[in-house]
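Participant: Please find model.tsv (TSV, C-alpha atoms and all ligand atoms) on the next line:
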chain	number	residue	atom	x	y	z
A	1	LYS	CA	64.03	59.14	-43.79
A	2	LYS	CA	62.35	60.35	-46.94
A	3	THR	CA	59.09	62.19	-46.52
A	4	ILE	CA	55.81	61.40	-48.28
A	5	VAL	CA	53.20	64.14	-48.18
A	6	THR	CA	49.58	64.06	-49.22
A	7	GLY	CA	46.37	65.90	-48.38
A	8	ILE	CA	42.65	65.79	-48.99
A	9	LYS	CA	40.47	68.83	-48.94
A	10	PRO	CA	37.23	68.78	-46.92
A	11	THR	CA	34.78	69.77	-49.64
A	12	GLY	CA	32.60	66.69	-49.52
A	13	LYS	CA	32.48	63.12	-48.34
A	14	VAL	CA	35.54	61.05	-49.14
A	15	HIS	CA	34.73	59.04	-52.28
A	16	LEU	CA	36.11	56.05	-54.16
A	17	GLY	CA	38.29	58.28	-56.35
A	18	ASN	CA	40.01	59.73	-53.27
A	19	TYR	CA	40.42	56.30	-51.77
A	20	ILE	CA	41.74	54.48	-54.80
A	21	GLY	CA	43.68	57.40	-56.30
A	22	ALA	CA	45.33	58.64	-53.12
A	23	ILE	CA	44.51	57.05	-49.76
A	24	LYS	CA	45.11	53.43	-50.66
A	25	PRO	CA	48.48	54.04	-52.38
A	26	ALA	CA	49.50	56.43	-49.61
A	27	LEU	CA	48.80	53.83	-46.92
A	28	GLU	CA	50.65	51.25	-48.98
A	29	LEU	CA	53.73	53.49	-49.34
A	30	ALA	CA	53.72	54.20	-45.62
A	31	LYS	CA	54.42	50.53	-44.93
A	32	ASN	CA	57.95	51.17	-46.15
A	33	LYS	CA	59.90	52.03	-43.02
A	34	ASP	CA	62.29	54.25	-44.98
A	35	TYR	CA	59.50	56.77	-45.39
A	36	GLN	CA	57.97	59.20	-42.97
A	37	PRO	CA	54.34	59.77	-43.96
A	38	VAL	CA	53.02	63.31	-43.47
A	39	TYR	CA	49.32	63.28	-44.27
A	40	PHE	CA	46.88	66.07	-43.60
A	41	ILE	CA	43.45	67.59	-43.98
A	42	ALA	CA	43.68	70.51	-46.37
A	43	ASP	CA	41.09	72.65	-44.63
A	44	TYR	CA	42.45	75.95	-45.91
A	45	HIS	CA	42.04	74.54	-49.40
A	46	GLY	CA	38.51	73.49	-48.45
A	47	LEU	CA	37.73	77.07	-47.50
A	48	THR	CA	38.04	78.10	-51.15
A	49	LYS	CA	34.72	76.32	-51.62
A	50	ILE	CA	32.91	75.65	-48.34
A	51	HIS	CA	31.60	78.83	-46.75
A	52	ASN	CA	29.81	77.40	-43.75
A	53	GLY	CA	31.82	76.93	-40.58
A	54	GLU	CA	30.00	73.96	-39.17
A	55	GLU	CA	30.04	72.17	-42.50
A	56	LEU	CA	33.77	72.71	-43.04
A	57	ARG	CA	34.53	71.49	-39.52
A	58	ASP	CA	32.38	68.37	-39.93
A	59	LEU	CA	33.87	67.55	-43.31
A	60	SER	CA	37.35	67.84	-41.78
A	61	TYR	CA	36.40	65.39	-39.03
A	62	GLY	CA	35.06	63.10	-41.72
A	63	ILE	CA	38.42	63.01	-43.48
A	64	ALA	CA	40.30	62.45	-40.22
A	65	ALA	CA	37.98	59.57	-39.32
A	66	THR	CA	38.32	58.07	-42.80
A	67	TRP	CA	42.11	57.83	-42.67
A	68	ILE	CA	42.13	56.38	-39.17
A	69	ALA	CA	39.36	53.92	-39.95
A	70	LEU	CA	41.42	52.70	-42.90
A	71	GLY	CA	44.44	52.03	-40.76
A	72	LEU	CA	46.43	55.24	-40.37
A	73	ASP	CA	48.26	54.92	-37.07
A	74	PRO	CA	48.63	58.38	-35.51
A	75	ALA	CA	51.71	57.23	-33.60
A	76	GLN	CA	53.61	56.38	-36.77
A	77	PHE	CA	52.20	59.03	-39.10
A	78	ILE	CA	52.38	62.77	-38.83
A	79	PHE	CA	48.71	63.56	-39.27
A	80	TYR	CA	47.17	66.99	-38.80
A	81	ARG	CA	44.86	69.72	-39.95
A	82	GLN	CA	46.65	72.14	-42.26
A	83	SER	CA	45.22	75.15	-40.41
A	84	ASP	CA	46.79	73.94	-37.14
A	85	VAL	CA	50.25	74.44	-38.60
A	86	PRO	CA	50.65	78.19	-39.12
A	87	GLU	CA	54.12	77.71	-40.61
A	88	ILE	CA	52.46	76.35	-43.76
A	89	PHE	CA	50.50	79.50	-44.17
A	90	GLU	CA	53.52	81.71	-43.61
A	91	LEU	CA	55.49	79.80	-46.20
A	92	ASN	CA	52.50	80.18	-48.53
A	93	TRP	CA	53.06	83.94	-48.57
A	94	ILE	CA	56.80	83.64	-49.07
A	95	LEU	CA	56.29	81.22	-51.96
A	96	SER	CA	53.62	83.41	-53.53
A	97	CYS	CA	56.36	85.98	-54.07
A	98	PHE	CA	58.16	83.42	-56.24
A	99	ALA	CA	55.20	82.07	-58.18
A	100	SER	CA	54.54	83.77	-61.48
A	101	LYS	CA	50.99	84.76	-62.21
A	102	GLY	CA	51.26	83.18	-65.65
A	103	LEU	CA	51.98	79.83	-64.05
A	104	LEU	CA	48.87	80.09	-61.90
A	105	ASN	CA	46.74	81.23	-64.84
A	106	ARG	CA	47.33	77.79	-66.30
A	107	ALA	CA	46.61	75.85	-63.11
A	108	HIS	CA	43.72	73.55	-63.79
A	109	ALA	CA	41.47	74.13	-60.73
A	110	TYR	CA	41.25	77.79	-61.70
A	111	LYS	CA	41.33	77.26	-65.43
A	112	SER	CA	38.51	74.73	-65.50
A	113	MET	CA	36.27	77.21	-63.69
A	114	VAL	CA	37.20	79.95	-66.18
A	115	ASP	CA	36.56	77.61	-69.10
A	116	ALA	CA	33.16	76.62	-67.71
A	117	ASN	CA	32.23	80.28	-67.29
A	118	GLN	CA	33.30	81.07	-70.83
A	119	GLN	CA	31.31	78.18	-72.22
A	120	ALA	CA	28.24	79.39	-70.38
A	121	GLY	CA	28.80	82.91	-71.70
A	122	ARG	CA	29.52	84.33	-68.24
A	123	ASP	CA	32.30	86.64	-67.13
A	124	PRO	CA	35.37	84.34	-66.98
A	125	ASP	CA	36.07	85.07	-63.31
A	126	THR	CA	32.53	84.50	-62.04
A	127	GLY	CA	32.71	82.63	-58.73
A	128	VAL	CA	36.52	82.60	-58.70
A	129	ASN	CA	38.01	83.76	-55.41
A	130	ILE	CA	41.68	84.57	-55.03
A	131	GLY	CA	42.07	81.53	-52.75
A	132	LEU	CA	41.12	79.31	-55.66
A	133	PHE	CA	43.51	81.17	-57.93
A	134	THR	CA	46.49	80.85	-55.60
A	135	TYR	CA	45.54	77.33	-54.49
A	136	PRO	CA	48.67	75.72	-56.01
A	137	VAL	CA	50.94	78.02	-54.00
A	138	LEU	CA	49.44	76.85	-50.72
A	139	MET	CA	49.78	73.32	-51.98
A	140	ALA	CA	53.45	73.98	-52.76
A	141	ALA	CA	53.88	75.17	-49.16
A	142	ASP	CA	52.23	71.94	-47.90
A	143	ILE	CA	54.71	69.88	-49.85
A	144	LEU	CA	57.93	71.89	-49.68
A	145	LEU	CA	57.83	72.69	-45.96
A	146	PHE	CA	58.26	68.99	-45.21
A	147	LYS	CA	60.94	68.37	-47.86
A	148	SER	CA	58.71	65.80	-49.44
A	149	SER	CA	60.20	63.35	-51.93
A	150	LEU	CA	57.00	61.65	-53.01
A	151	VAL	CA	53.47	62.95	-53.26
A	152	PRO	CA	50.93	60.17	-53.80
A	153	VAL	CA	47.99	61.73	-55.65
A	154	GLY	CA	45.53	61.13	-58.46
A	155	LYS	CA	46.27	62.34	-61.96
A	156	ASP	CA	44.30	65.55	-61.45
A	157	GLN	CA	46.90	66.77	-58.94
A	158	GLN	CA	49.94	66.09	-61.08
A	159	GLN	CA	50.05	69.59	-62.46
A	160	HIS	CA	49.85	71.06	-58.96
A	161	VAL	CA	52.84	69.02	-57.82
A	162	GLU	CA	54.73	70.16	-60.90
A	163	ILE	CA	53.92	73.75	-59.99
A	164	ALA	CA	55.38	73.10	-56.53
A	165	ARG	CA	58.55	71.89	-58.23
A	166	ASP	CA	58.67	74.98	-60.43
A	167	ILE	CA	58.30	77.29	-57.46
A	168	ALA	CA	60.98	75.38	-55.54
A	169	GLU	CA	63.36	75.69	-58.47
A	170	VAL	CA	62.87	79.44	-58.73
A	171	PHE	CA	63.56	79.78	-55.01
A	172	ASN	CA	66.58	77.47	-55.06
A	173	LYS	CA	68.06	79.41	-57.95
A	174	ALA	CA	67.86	82.62	-55.99
A	175	TYR	CA	69.02	81.36	-52.58
A	176	GLY	CA	70.84	78.11	-53.16
A	177	ASP	CA	69.64	74.62	-52.52
A	178	THR	CA	66.80	74.92	-50.02
A	179	PHE	CA	63.77	72.96	-51.13
A	180	HIS	CA	63.71	69.33	-52.05
A	181	LEU	CA	62.06	68.78	-55.45
A	182	PRO	CA	58.98	66.57	-55.01
A	183	THR	CA	57.83	63.89	-57.43
A	184	PRO	CA	54.14	63.07	-57.89
A	185	LYS	CA	53.46	59.37	-57.31
A	186	ILE	CA	50.58	58.41	-59.52
A	187	GLU	CA	49.29	54.86	-59.84
A	188	LYS	CA	49.13	53.95	-63.53
A	189	ASP	CA	46.11	51.79	-63.04
A	190	SER	CA	43.98	54.07	-60.98
A	191	SER	CA	45.07	57.59	-61.78
A	192	VAL	CA	41.56	58.57	-62.82
A	193	ILE	CA	38.67	56.71	-61.25
A	194	LEU	CA	35.47	57.28	-63.18
A	195	GLY	CA	32.17	58.23	-61.55
A	196	LEU	CA	28.57	57.11	-62.03
A	197	ASP	CA	28.20	58.99	-65.31
A	198	GLY	CA	31.52	57.86	-66.81
A	199	ARG	CA	33.27	61.20	-66.24
A	200	LYS	CA	36.08	61.53	-63.66
A	201	MET	CA	34.64	60.86	-60.21
A	202	SER	CA	34.52	64.27	-58.61
A	203	LYS	CA	32.64	66.09	-55.90
A	204	SER	CA	32.02	68.90	-58.36
A	205	TYR	CA	30.34	66.58	-60.90
A	206	ASN	CA	28.04	65.06	-58.33
A	207	ASN	CA	28.83	61.62	-59.64
A	208	THR	CA	30.65	60.15	-56.66
A	209	ILE	CA	30.27	56.98	-54.65
A	210	PRO	CA	31.09	57.93	-51.06
A	211	LEU	CA	33.48	55.42	-49.56
A	212	PHE	CA	31.53	54.84	-46.38
A	213	GLU	CA	28.02	54.96	-47.79
A	214	GLU	CA	25.85	52.52	-45.90
A	215	SER	CA	25.45	49.10	-47.45
A	216	LYS	CA	22.03	49.52	-49.03
A	217	LYS	CA	22.84	52.87	-50.56
A	218	LEU	CA	26.17	51.58	-51.78
A	219	LYS	CA	24.37	48.84	-53.64
A	220	LYS	CA	21.98	51.34	-55.20
A	221	LEU	CA	24.82	53.57	-56.31
A	222	ILE	CA	26.74	50.68	-57.82
A	223	ASN	CA	23.64	49.80	-59.79
A	224	LYS	CA	23.63	53.33	-61.19
A	225	ILE	CA	27.11	53.07	-62.70
A	226	LYS	CA	26.80	53.69	-66.42
A	227	THR	CA	27.64	50.68	-68.59
A	228	ASP	CA	27.35	49.92	-72.28
A	229	SER	CA	24.16	48.34	-73.55
A	230	LEU	CA	25.61	45.05	-74.74
A	231	PRO	CA	23.42	42.01	-74.02
A	232	PRO	CA	24.45	39.80	-71.05
A	233	GLU	CA	26.08	37.08	-73.14
A	234	ALA	CA	28.21	39.50	-75.19
A	235	PRO	CA	31.94	39.67	-74.32
A	236	LYS	CA	32.82	42.71	-72.21
A	237	ASP	CA	36.09	44.62	-72.25
A	238	PRO	CA	37.29	44.59	-68.63
A	239	ASP	CA	39.91	47.26	-69.20
A	240	SER	CA	37.46	49.90	-70.30
A	241	SER	CA	34.93	49.05	-67.63
A	242	THR	CA	34.42	51.10	-64.48
A	243	ILE	CA	33.00	48.01	-62.79
A	244	PHE	CA	36.21	46.06	-63.34
A	245	SER	CA	38.46	48.98	-62.43
A	246	LEU	CA	36.69	49.18	-59.05
A	247	TYR	CA	36.43	45.44	-58.56
A	248	LYS	CA	40.15	44.83	-58.76
A	249	GLN	CA	40.78	47.38	-56.01
A	250	PHE	CA	38.79	45.39	-53.49
A	251	ALA	CA	39.14	41.77	-54.56
A	252	GLU	CA	41.85	39.16	-54.12
A	253	GLU	CA	44.11	38.49	-57.06
A	254	ALA	CA	42.54	35.14	-57.92
A	255	GLU	CA	39.04	36.61	-57.78
A	256	THR	CA	40.11	39.45	-60.03
A	257	LYS	CA	41.51	37.06	-62.59
A	258	ASP	CA	38.35	35.00	-62.55
A	259	PHE	CA	36.14	38.07	-62.86
A	260	HIS	CA	38.27	39.32	-65.75
A	261	ASP	CA	37.86	36.00	-67.59
A	262	ARG	CA	34.13	35.90	-67.04
A	263	LEU	CA	33.70	39.45	-68.33
A	264	LEU	CA	35.58	38.48	-71.46
A	265	LYS	CA	33.35	35.45	-71.93
A	266	GLY	CA	30.29	37.58	-71.29
A	267	ILE	CA	28.32	38.11	-68.10
A	268	GLY	CA	25.49	40.57	-67.63
A	269	TRP	CA	26.26	43.95	-66.09
A	270	GLY	CA	23.63	43.36	-63.43
A	271	GLU	CA	25.44	40.28	-62.22
A	272	ALA	CA	28.82	42.01	-62.47
A	273	LYS	CA	27.54	44.87	-60.35
A	274	GLN	CA	26.22	42.48	-57.74
A	275	GLU	CA	29.67	40.92	-57.47
A	276	LEU	CA	31.32	44.30	-57.27
A	277	PHE	CA	29.01	45.21	-54.42
A	278	GLN	CA	29.91	42.03	-52.58
A	279	VAL	CA	33.66	42.51	-52.68
A	280	MET	CA	33.36	46.17	-51.79
A	281	ASP	CA	31.01	45.63	-48.92
A	282	ARG	CA	33.18	42.81	-47.60
A	283	PHE	CA	36.17	45.10	-47.45
A	284	LEU	CA	34.39	48.22	-46.29
A	285	SER	CA	32.07	47.01	-43.57
A	286	GLU	CA	34.68	47.01	-40.81
A	287	PRO	CA	36.29	50.39	-41.54
A	288	ARG	CA	32.82	51.84	-42.10
A	289	GLU	CA	31.83	50.89	-38.60
A	290	LYS	CA	35.04	52.30	-37.19
A	291	TYR	CA	34.46	55.50	-39.15
A	292	HIS	CA	31.04	55.99	-37.62
A	293	GLU	CA	32.44	55.41	-34.16
A	294	LEU	CA	35.18	57.95	-34.74
A	295	ILE	CA	33.01	60.73	-36.14
A	296	SER	CA	30.76	60.42	-33.13
A	297	SER	CA	33.66	61.45	-30.88
A	298	PRO	CA	35.17	64.60	-32.35
A	299	ALA	CA	37.01	65.35	-29.10
A	300	GLN	CA	39.09	62.23	-29.64
A	301	LEU	CA	39.80	63.28	-33.23
A	302	ASP	CA	40.81	66.73	-32.01
A	303	ASP	CA	43.31	65.18	-29.62
A	304	ILE	CA	44.85	63.12	-32.38
A	305	LEU	CA	45.02	66.04	-34.78
A	306	THR	CA	46.51	68.49	-32.29
A	307	ALA	CA	49.17	66.00	-31.27
A	308	GLY	CA	49.90	65.55	-34.99
A	309	ALA	CA	50.13	69.31	-35.52
A	310	ASP	CA	52.70	69.52	-32.72
A	311	LYS	CA	54.84	66.93	-34.47
A	312	ALA	CA	54.48	68.77	-37.78
A	313	ARG	CA	55.40	72.11	-36.23
A	314	ASN	CA	58.53	70.64	-34.67
A	315	ILE	CA	59.75	69.91	-38.18
A	316	ALA	CA	58.31	72.98	-39.84
A	317	ALA	CA	59.39	75.71	-37.43
A	318	PRO	CA	63.18	75.31	-37.69
A	319	PHE	CA	63.01	74.98	-41.48
A	320	LEU	CA	60.83	78.05	-41.79
A	321	LYS	CA	63.31	79.95	-39.64
A	322	GLU	CA	66.06	78.99	-42.04
A	323	ILE	CA	63.94	80.14	-44.99
A	324	ARG	CA	63.11	83.44	-43.33
A	325	GLY	CA	66.79	83.98	-42.69
A	326	LYS	CA	67.66	83.32	-46.33
A	327	VAL	CA	65.14	85.76	-47.74
A	328	GLY	CA	66.06	88.46	-45.23
A	329	LEU	CA	63.10	88.43	-42.87
B	1	LIG	P1	41.19	66.42	-53.44
B	1	LIG	O1	40.67	66.64	-52.07
B	1	LIG	O2	40.41	66.94	-54.58
B	1	LIG	O3	41.40	64.88	-53.68
B	1	LIG	C1	42.15	64.08	-52.78
B	1	LIG	C2	42.97	63.06	-53.55
B	1	LIG	O4	42.11	62.20	-54.30
B	1	LIG	C3	42.54	62.15	-55.65
B	1	LIG	N1	41.38	61.97	-56.53
B	1	LIG	C4	41.28	61.02	-57.48
B	1	LIG	N2	42.13	60.04	-57.87
B	1	LIG	C5	41.71	59.22	-58.86
B	1	LIG	N3	40.50	59.33	-59.46
B	1	LIG	C6	39.63	60.29	-59.11
B	1	LIG	N4	38.43	60.39	-59.71
B	1	LIG	C7	40.01	61.20	-58.07
B	1	LIG	N5	39.40	62.25	-57.47
B	1	LIG	C8	40.25	62.71	-56.53
B	1	LIG	C9	43.22	63.48	-55.90
B	1	LIG	O5	44.08	63.43	-57.00
B	1	LIG	C10	43.92	63.70	-54.58
B	1	LIG	O6	45.15	63.01	-54.56
B	1	LIG	N6	44.75	69.85	-53.89
B	1	LIG	C11	44.47	68.54	-53.35
B	1	LIG	C12	44.66	68.46	-51.84
B	1	LIG	C13	46.02	68.91	-51.40
B	1	LIG	C14	47.23	68.16	-51.55
B	1	LIG	C15	48.23	68.98	-50.98
B	1	LIG	C16	47.55	66.92	-52.09
B	1	LIG	C17	46.31	70.06	-50.77
B	1	LIG	N7	47.64	70.12	-50.52
B	1	LIG	C18	49.56	68.58	-50.94
B	1	LIG	C19	48.90	66.52	-52.05
B	1	LIG	C20	49.87	67.35	-51.47
B	1	LIG	C21	43.02	68.20	-53.65
B	1	LIG	O7	42.23	69.07	-53.91
B	1	LIG	O8	42.70	66.92	-53.53
When written as C-alpha cells, how does the structure in this file appear?
Facilitator:
Amino acid sequence: KKTIVTGIKPTGKVHLGNYIGAIKPALELAKNKDYQPVYFIADYHGLTKIHNGEELRDLSYGIAATWIALGLDPAQFIFYRQSDVPEIFELNWILSCFASKGLLNRAHAYKSMVDANQQAGRDPDTGVNIGLFTYPVLMAADILLFKSSLVPVGKDQQQHVEIARDIAEVFNKAYGDTFHLPTPKIEKDSSVILGLDGRKMSKSYNNTIPLFEESKKLKKLINKIKTDSLPPEAPKDPDSSTIFSLYKQFAEEAETKDFHDRLLKGIGWGEAKQELFQVMDRFLSEPREKYHELISSPAQLDDILTAGADKARNIAAPFLKEIRGKVGL
C-alpha cells in the first residue's frame, strides 16, 4: 500500500482553510483502499509557537476531535500525536545533518517572520526560535519516516514538502535508495482559502473562521467576509469570490451550479452570505456536535491516540533501525 501522510499543528482552532485545504482532501484520498493514511497532530511543531502547556494540550485534543468528528476511523487510519512517536524526533536529528542551512534560510515560515521584522525595522531574528528555523526538517522526518508517496496539504506547505524531497535526495545519494520521494497533493481549486479580510486564511492573521464555531457566531463571521461594493443587482464574478469558493465546498453540485448562475446574474452579497451560512451549517451541525462530545472526554481521545502511536511506531522503529545502520550509528 502507498502511504499518505499529513499533519496539522495545534496553534489554534482548526479553521476553514485547514479543512478545505487539507482535511477534506485527505479524507477523500483515504477512501482509496490502495492507500494507508497516516495522519497526525504536529504538536512538536506547535511548540514553536505555543508556550503554555495546558493550551498546547487542549489544542491538540481539539485537532484529534476534529478529525474524528469529520469521519476519520481510528481503526483504518494510523492517527497519533507526533510527540508520542520518538522515532520521528530521532530521525529529525539525523536529517538535520543532511539539510543545508541555506535551504532552511529560504523556508517560508522562517522567512516570512524575518521579512516582517525587517519591514518593521526590527532585528531580523526577533522572535525566531531555532525550532521555527528547523521546522521543515522535522516535517521531513514526519513524511520520510513513513515512506509517504502523497502529502495532501494547502499551497503554503508545498515548499516544505519540496524541502523534504531535497533532504531525501541528499541522503539517498550518500547511502543509496532509502527514502521514498514524496509528492505534495494540492487541490487546484482550494489551495489557498481566503480569510475574512481577503488575505490567506491563517491563524497568524487573525482572519479565520473556525470550523466548529457555534451556529450564531458562524453566521456573524460569514457576514464579516469582505466583499466588493457592487450593488445587489450587479453581476458578480463567482470565481474571484470567497463566498462562492466556500459555498461550493459544502453544497451539492446542482446547488453550486445554481448559485454560480445567480451570482453571475446578480444577487446581493447579504443574500449570498445567508445561503452560504445555510449550506455550511447544514453540513457542519452533526460533526460539530460530535466534536463537542469528543473534546469533553480527553481520556477517550488519549486512548485512540496512544493506540495510533503504537501502530506508527511498529512501522517507524524497524525503518529507523535500518537508517541508523546505514549512517553508522
Ligand atoms: P498548518 O497546521 O499550518 O495547517 C494545516 C493544513 O491546512 C492547510 N492550510 C490551508 N489550506 C488552504 N488555505 C488556507 N488558507 C490554509 N491554511 C492552512 C495547510 O497547508 C496544511 O496542509 N507544517 C504543517 C503541519 C505539518 C505537516 C507535516 C503537514 C507538520 N508536519 C507533514 C504535512 C506533512 C502546518 O503548519 O500546517
Participant: Looking at A:Ser149, A:Gln82, A:Thr306, A:Thr227, which one is nearest to Ser241 of chain A, with distances taken over only C-alpha atoms?
Facilitator: A:Thr227
Participant: Please compute the atom CA of Thr11 of chain A-atom CA of Ala65 of chain A distance, one decimal, in Å.
Facilitator: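 These two atoms are separated by 14.9 Å.
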Participant: Tell me which of A:Val38, A:Ile193, A:Ala64, A:Leu264 sits closest to Gln300 of chain A, counting all atoms listed in the file.
Facilitator: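 Counting all atoms listed in the file, the residue closest to Gln300 of chain A is A:Ala64.
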Participant: Expressed in Å to a single decimal, how great is the separation between atom CA of Ala99 of chain A and atom CA of Phe133 of chain A?
Facilitator: 11.7 Å
Participant: Between chain A and ligand LIG 1 (chain B), at 7 Å or less, what are the per-residue closest atom pairs and their distances in Å? Count only C-alpha atoms and all ligand atoms, order by chain and rising residue number, and return it as a Markdown table.
Facilitator:
| residue | atom | partner | partner_atom | distance |
| --- | --- | --- | --- | --- |
| A:Val5 | CA | B:LIG1 | C20 | 5.7 |
| A:Thr6 | CA | B:LIG1 | C19 | 3.8 |
| A:Gly7 | CA | B:LIG1 | C14 | 4.0 |
| A:Ile8 | CA | B:LIG1 | O1 | 3.8 |
| A:Lys9 | CA | B:LIG1 | O1 | 3.8 |
| A:Pro10 | CA | B:LIG1 | O1 | 6.6 |
| A:Gly17 | CA | B:LIG1 | C6 | 3.7 |
| A:Asn18 | CA | B:LIG1 | O4 | 3.4 |
| A:Tyr19 | CA | B:LIG1 | O4 | 6.6 |
| A:Ile20 | CA | B:LIG1 | C5 | 6.2 |
| A:Gly21 | CA | B:LIG1 | N2 | 3.4 |
| A:Ala22 | CA | B:LIG1 | O6 | 4.6 |
| A:Ala42 | CA | B:LIG1 | C17 | 5.1 |
| A:His45 | CA | B:LIG1 | C17 | 6.3 |
| A:Leu138 | CA | B:LIG1 | N7 | 7.0 |
| A:Met139 | CA | B:LIG1 | N7 | 4.1 |
| A:Ala140 | CA | B:LIG1 | C18 | 6.9 |
| A:Asp142 | CA | B:LIG1 | C18 | 5.3 |
| A:Ile143 | CA | B:LIG1 | C18 | 5.4 |
| A:Val151 | CA | B:LIG1 | C19 | 5.9 |
| A:Pro152 | CA | B:LIG1 | O6 | 6.5 |
| A:Val153 | CA | B:LIG1 | O6 | 3.3 |
| A:Gly154 | CA | B:LIG1 | O5 | 3.1 |
| A:Lys155 | CA | B:LIG1 | O5 | 5.5 |
| A:Asp156 | CA | B:LIG1 | O5 | 4.9 |
| A:Gln157 | CA | B:LIG1 | O5 | 4.8 |
| A:Ser190 | CA | B:LIG1 | C5 | 6.0 |
| A:Ser191 | CA | B:LIG1 | C5 | 4.7 |
| A:Val192 | CA | B:LIG1 | N3 | 3.6 |
| A:Ile193 | CA | B:LIG1 | N3 | 3.7 |
| A:Leu194 | CA | B:LIG1 | N4 | 5.5 |
| A:Gly195 | CA | B:LIG1 | N4 | 6.9 |
| A:Lys200 | CA | B:LIG1 | N4 | 4.7 |
| A:Met201 | CA | B:LIG1 | N4 | 3.9 |
| A:Ser202 | CA | B:LIG1 | N5 | 5.4 |
Participant: Using all atoms listed in the file, which residues of segment 15-50 of chain A come within 12 Å of segment 308-318 of chain A, and what is the closest atom pair for each, with the distance in Å to one decimal? Give it as a Markdown table, sorted by chain and residue number.
Facilitator:
| residue | atom | partner | partner_atom | distance |
| --- | --- | --- | --- | --- |
| A:Gln36 | CA | A:Ala312 | CA | 11.4 |
| A:Pro37 | CA | A:Ala312 | CA | 10.9 |
| A:Val38 | CA | A:Ala312 | CA | 8.0 |
| A:Tyr39 | CA | A:Gly308 | CA | 9.6 |
| A:Phe40 | CA | A:Gly308 | CA | 9.1 |
| A:Ile41 | CA | A:Ala309 | CA | 10.9 |
Participant: Would you mind exporting C-alpha atoms of the selected residues as a compact mmCIF listing (two decimals), in the frame of the given file?
Facilitator:
# COMPACT_ATOMS: atom_id res chain seq x y z
CA GLN A 36 57.97 59.20 -42.97
CA PRO A 37 54.34 59.77 -43.96
CA VAL A 38 53.02 63.31 -43.47
CA TYR A 39 49.32 63.28 -44.27
CA PHE A 40 46.88 66.07 -43.60
CA ILE A 41 43.45 67.59 -43.98
Participant: Give me, please, the distance in Å between atom CA of Tyr175 of chain A and atom CA of Glu322 of chain A, quoted to one decimal.
Facilitator: 11.2 Å
